[in-house]
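Before any comments, here is the structure.
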Amino acid sequence: MTMPVVLQQLLMLLNNVVDRIWIAHIPEVGQLAFTASGVYEPILYIMIALAALTDMGISPHVGLLLGQGHHDRAERTLGSMLAFSLLLAMLTLLLVEVFCPELIRLFGGSPQTSAMAECYLRIATPGNALCIVSGMLTSFLLVQGYSTEAALVMASGIILNMVLDPIFIFLFGWGIAGAAWATTMAEMTSLIMAVVMLGRVGNLHPRMNLLCLEWRYIAPCLALGATPMVVLLAQVVQMGVYNRTLYHLAGDWGVGTIALVMMLHDFFYFPVYGMAYGAEPITSFNLGAGKWQRVRTNVRLLLAATFVWSVLVWLVMMFLTEPVVRLVLGDGPMVDYAVPMVRLSFMVFFVATLQFACQYTLQAMNRPVLTFWLAITCTLLLLVPLVWLLPRLLTNHADMGVFLAQPVTDVVVGTVTVIILFKLLQNYKKIQNNKV
């Protein structure tokens, strides 16, 4: 159950990491270009959040319709959501193109990085807007059971991007614009592949006569996709607060370092995500079947595997921080600033991963509202205020306070989440014992 998710996440994260490593190694301006990637990353996350609104909403709703035998309504939902996704992609493209300079300044762009960030966004936004459409179509393939075809759609764009990056950046000498063109071409390829696959397999196909905005089919999908969109938009707020605060405290190197920290966190999280996602249906099934011992064993295995992986990552990031940072950034003045801050940000990594695994277990126990509020609390109600507060408490090392905000948040939210999970498990055990 875990391996397909881990492989998918690995491919996606390798694409992101390799893309930004190439950018960091552009001659003469590499580290500034990497910092620029930290400025435009929140804007890309807005588009990813909008994609989540459509692709994470259509899958459960269409699955329910197909399970009930409503073939016609499922196909009409596809047509309506395709029309909505196209409209949303065009509006997103228009807004980013019109307000590009303002968005870059909002997310911490400086005179040195703004031009590079704007260059990337104006080229890459059309491609990233298309991911709103291709993501929805890919989810529609998955819900019909065509996981191989869906994987091919995702892999085609990711692999093409990884191949084109060094060619456009270095061989053609296009610099950061080359990375943007590679992204746009890759996203266009994914969309074409998604349309081709939907036309070839299954009984539900995108048809022109169904391509219309029927809100009775769109609204249920948007309701289901709203929560993941809000969680992703909360991350956008987090990135924006980080960038603006660090730009005022440490300049471009602070913005670039927090971008490096978030990239490394995302990369090292992927096995935890895969394990938690794979364990979720097993936990849910055994809860439904009343198999308390299996539930307990499954949760223990998940937490044990998560802890082992996170401790290994913690050891690497505590004792091999500089080689990891130099692998990404190369040599340059930013490295000396980044090494201690990266080490500081990973000081309680094992707590953060355990908290993440516990959240997925709560979701498996059918506690979506609880997991939603834990996620929002972690980002908006605790982390963002700490980013403002800690630099004012640590006046001699104000920028260090920004990097401490995440570890402090992880400890607090992690402790609360673990307590909630084990109390729920104990209550469930008592209920099962009473039934016996």
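All residue names refer to the structure tokens as shown: chains lettered A, B, ... in order, residues numbered from 1 in each chain, ligands numbered from 1 in order.
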Discussion item. Residues within 6 Å of A:Gly240, please, as a PyMOL selection string. Count only C-alpha atoms; anything in the same chain fewer than 3 positions from it doesn't count.
Written reply: chain A and resi 107+237+243
Give me, as number ranges by chain, all polymer residues having an atom no more than 12 Å from A:Glu41, counting only C-alpha atoms and skipping those fewer than 4 positions away in the same chain. A: 16, 20, 34-37, 45-48, 103-104, 107-109, 117-118, 120-121, 124-125, 128, 235-240, 243, 255-256, 258-260, 262-263
Point to revise | Residues within 12 Å of A:Pro385, only C-alpha atoms, excluding chain neighbours under 2 positions, as a list in words | key: Val237, Gln238, Val241, Tyr242, Thr245, Thr377, Cys378, Thr379, Leu380, Leu381, Leu382, Leu383, Val387, Trp388, Leu389, Leu390, Pro391, Arg392, Gly401, Val402, Ala405, Gln406, Val408 and Thr409 of chain A
Generate the output file for the selected residues, N, CA, C and O atoms, as a CSV table (one decimal), in the first residue's frame.
```
chain,number,residue,atom,x,y,z
A,237,VAL,N,0.4,31.4,3.1
A,237,VAL,CA,0.5,32.4,4.1
A,237,VAL,C,1.8,32.2,4.9
A,237,VAL,O,2.5,33.2,5.2
A,238,GLN,N,2.1,31.0,5.3
A,238,GLN,CA,3.3,30.7,6.0
A,238,GLN,C,4.5,31.1,5.3
A,238,GLN,O,5.4,31.7,5.8
A,241,VAL,N,4.8,35.0,5.2
A,241,VAL,CA,5.3,35.5,6.4
A,241,VAL,C,6.8,35.2,6.6
A,241,VAL,O,7.6,36.1,7.0
A,242,TYR,N,7.2,34.0,6.3
A,242,TYR,CA,8.6,33.7,6.4
A,242,TYR,C,9.5,34.6,5.5
A,242,TYR,O,10.5,35.2,6.0
A,245,THR,N,9.5,38.4,6.6
A,245,THR,CA,10.2,38.6,7.9
A,245,THR,C,11.7,38.5,7.7
A,245,THR,O,12.5,39.3,8.2
A,377,THR,N,-4.3,25.0,13.0
A,377,THR,CA,-3.7,25.5,14.2
A,377,THR,C,-2.2,25.5,14.1
A,377,THR,O,-1.5,26.5,14.5
A,378,CYS,N,-1.6,24.5,13.5
A,378,CYS,CA,-0.2,24.4,13.3
A,378,CYS,C,0.4,25.5,12.5
A,378,CYS,O,1.4,26.1,12.9
A,379,THR,N,-0.4,25.9,11.4
A,379,THR,CA,0.2,26.9,10.5
A,379,THR,C,-0.2,28.3,10.9
A,379,THR,O,0.7,29.2,11.1
A,380,LEU,N,-1.5,28.6,11.0
A,380,LEU,CA,-2.0,29.9,11.2
A,380,LEU,C,-2.0,30.4,12.6
A,380,LEU,O,-1.7,31.6,12.9
A,381,LEU,N,-2.5,29.5,13.5
A,381,LEU,CA,-2.7,30.0,14.9
A,381,LEU,C,-1.5,29.9,15.8
A,381,LEU,O,-1.5,30.5,16.9
A,382,LEU,N,-0.5,29.2,15.4
A,382,LEU,CA,0.7,29.0,16.3
A,382,LEU,C,2.0,29.4,15.5
A,382,LEU,O,2.7,30.3,16.0
A,383,LEU,N,2.2,28.9,14.3
A,383,LEU,CA,3.5,29.1,13.6
A,383,LEU,C,3.6,30.6,13.3
A,383,LEU,O,4.7,31.2,13.5
A,387,VAL,N,6.5,33.3,14.4
A,387,VAL,CA,7.5,33.9,13.5
A,387,VAL,C,7.6,35.4,13.8
A,387,VAL,O,8.6,36.0,13.7
A,388,TRP,N,6.5,36.0,14.3
A,388,TRP,CA,6.5,37.4,14.7
A,388,TRP,C,7.1,37.6,16.1
A,388,TRP,O,7.8,38.6,16.3
A,389,LEU,N,6.8,36.7,17.0
A,389,LEU,CA,7.1,36.9,18.4
A,389,LEU,C,8.6,36.5,18.7
A,389,LEU,O,9.3,37.3,19.4
A,390,LEU,N,9.1,35.4,18.2
A,390,LEU,CA,10.4,34.9,18.6
A,390,LEU,C,11.5,35.9,18.2
A,390,LEU,O,12.5,36.1,19.0
A,391,PRO,N,11.5,36.5,17.0
A,391,PRO,CA,12.6,37.4,16.7
A,391,PRO,C,12.6,38.6,17.7
A,391,PRO,O,13.7,39.2,17.9
A,392,ARG,N,11.5,39.0,18.2
A,392,ARG,CA,11.4,40.1,19.2
A,392,ARG,C,11.9,39.7,20.6
A,392,ARG,O,12.4,40.5,21.4
A,401,GLY,N,15.3,33.4,15.5
A,401,GLY,CA,14.0,33.2,16.0
A,401,GLY,C,13.0,32.7,15.0
A,401,GLY,O,12.1,31.9,15.3
A,402,VAL,N,13.2,33.2,13.7
A,402,VAL,CA,12.3,32.8,12.7
A,402,VAL,C,12.4,31.3,12.4
A,402,VAL,O,11.5,30.5,12.2
A,405,ALA,N,10.8,29.0,15.0
A,405,ALA,CA,9.3,28.9,15.1
A,405,ALA,C,8.8,27.6,14.7
A,405,ALA,O,7.9,27.0,15.4
A,406,GLN,N,9.3,26.9,13.6
A,406,GLN,CA,8.8,25.6,13.2
A,406,GLN,C,9.1,24.5,14.2
A,406,GLN,O,8.2,23.8,14.6
A,408,VAL,N,9.5,24.8,17.5
A,408,VAL,CA,8.6,25.0,18.7
A,408,VAL,C,7.2,24.6,18.4
A,408,VAL,O,6.5,23.9,19.2
A,409,THR,N,6.7,25.0,17.2
A,409,THR,CA,5.3,24.6,16.8
A,409,THR,C,5.2,23.1,16.7
A,409,THR,O,4.2,22.5,17.2
```
Report task. Could you check which of A:Val311, A:Met185, A:Cys119, A:Ala352 is closest to A:Asp266, using only C-alpha atoms? Result ->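 Selected residue with least distance to A:Asp266: A:Ala352.
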- Message: Could you pull out the alpha helix (DSSP H) residues of stretch 172-206 of chain A, going by DSSP on the backbone, and write them as a ChimeraX atom specification?
- Response: /A:176-200
Kindly provide the residues of stretch 8-89 of chain A that approach stretch 316-327 of chain A to within 12 Å, each paired with its closest atom pair and their distance in Å to one decimal, based on only C-alpha atoms, listed by chain and increasing number, as a Markdown table.
```
| residue | atom | partner | partner_atom | distance |
| --- | --- | --- | --- | --- |
| A:Val17 | CA | A:Leu327 | CA | 10.9 |
| A:Val18 | CA | A:Leu327 | CA | 10.7 |
| A:Arg20 | CA | A:Leu327 | CA | 11.3 |
| A:Ile21 | CA | A:Leu327 | CA | 8.0 |
| A:Trp22 | CA | A:Leu327 | CA | 10.7 |
| A:Ala24 | CA | A:Leu327 | CA | 9.8 |
| A:His25 | CA | A:Leu327 | CA | 9.8 |
| A:Gln31 | CA | A:Arg326 | CA | 11.0 |
```
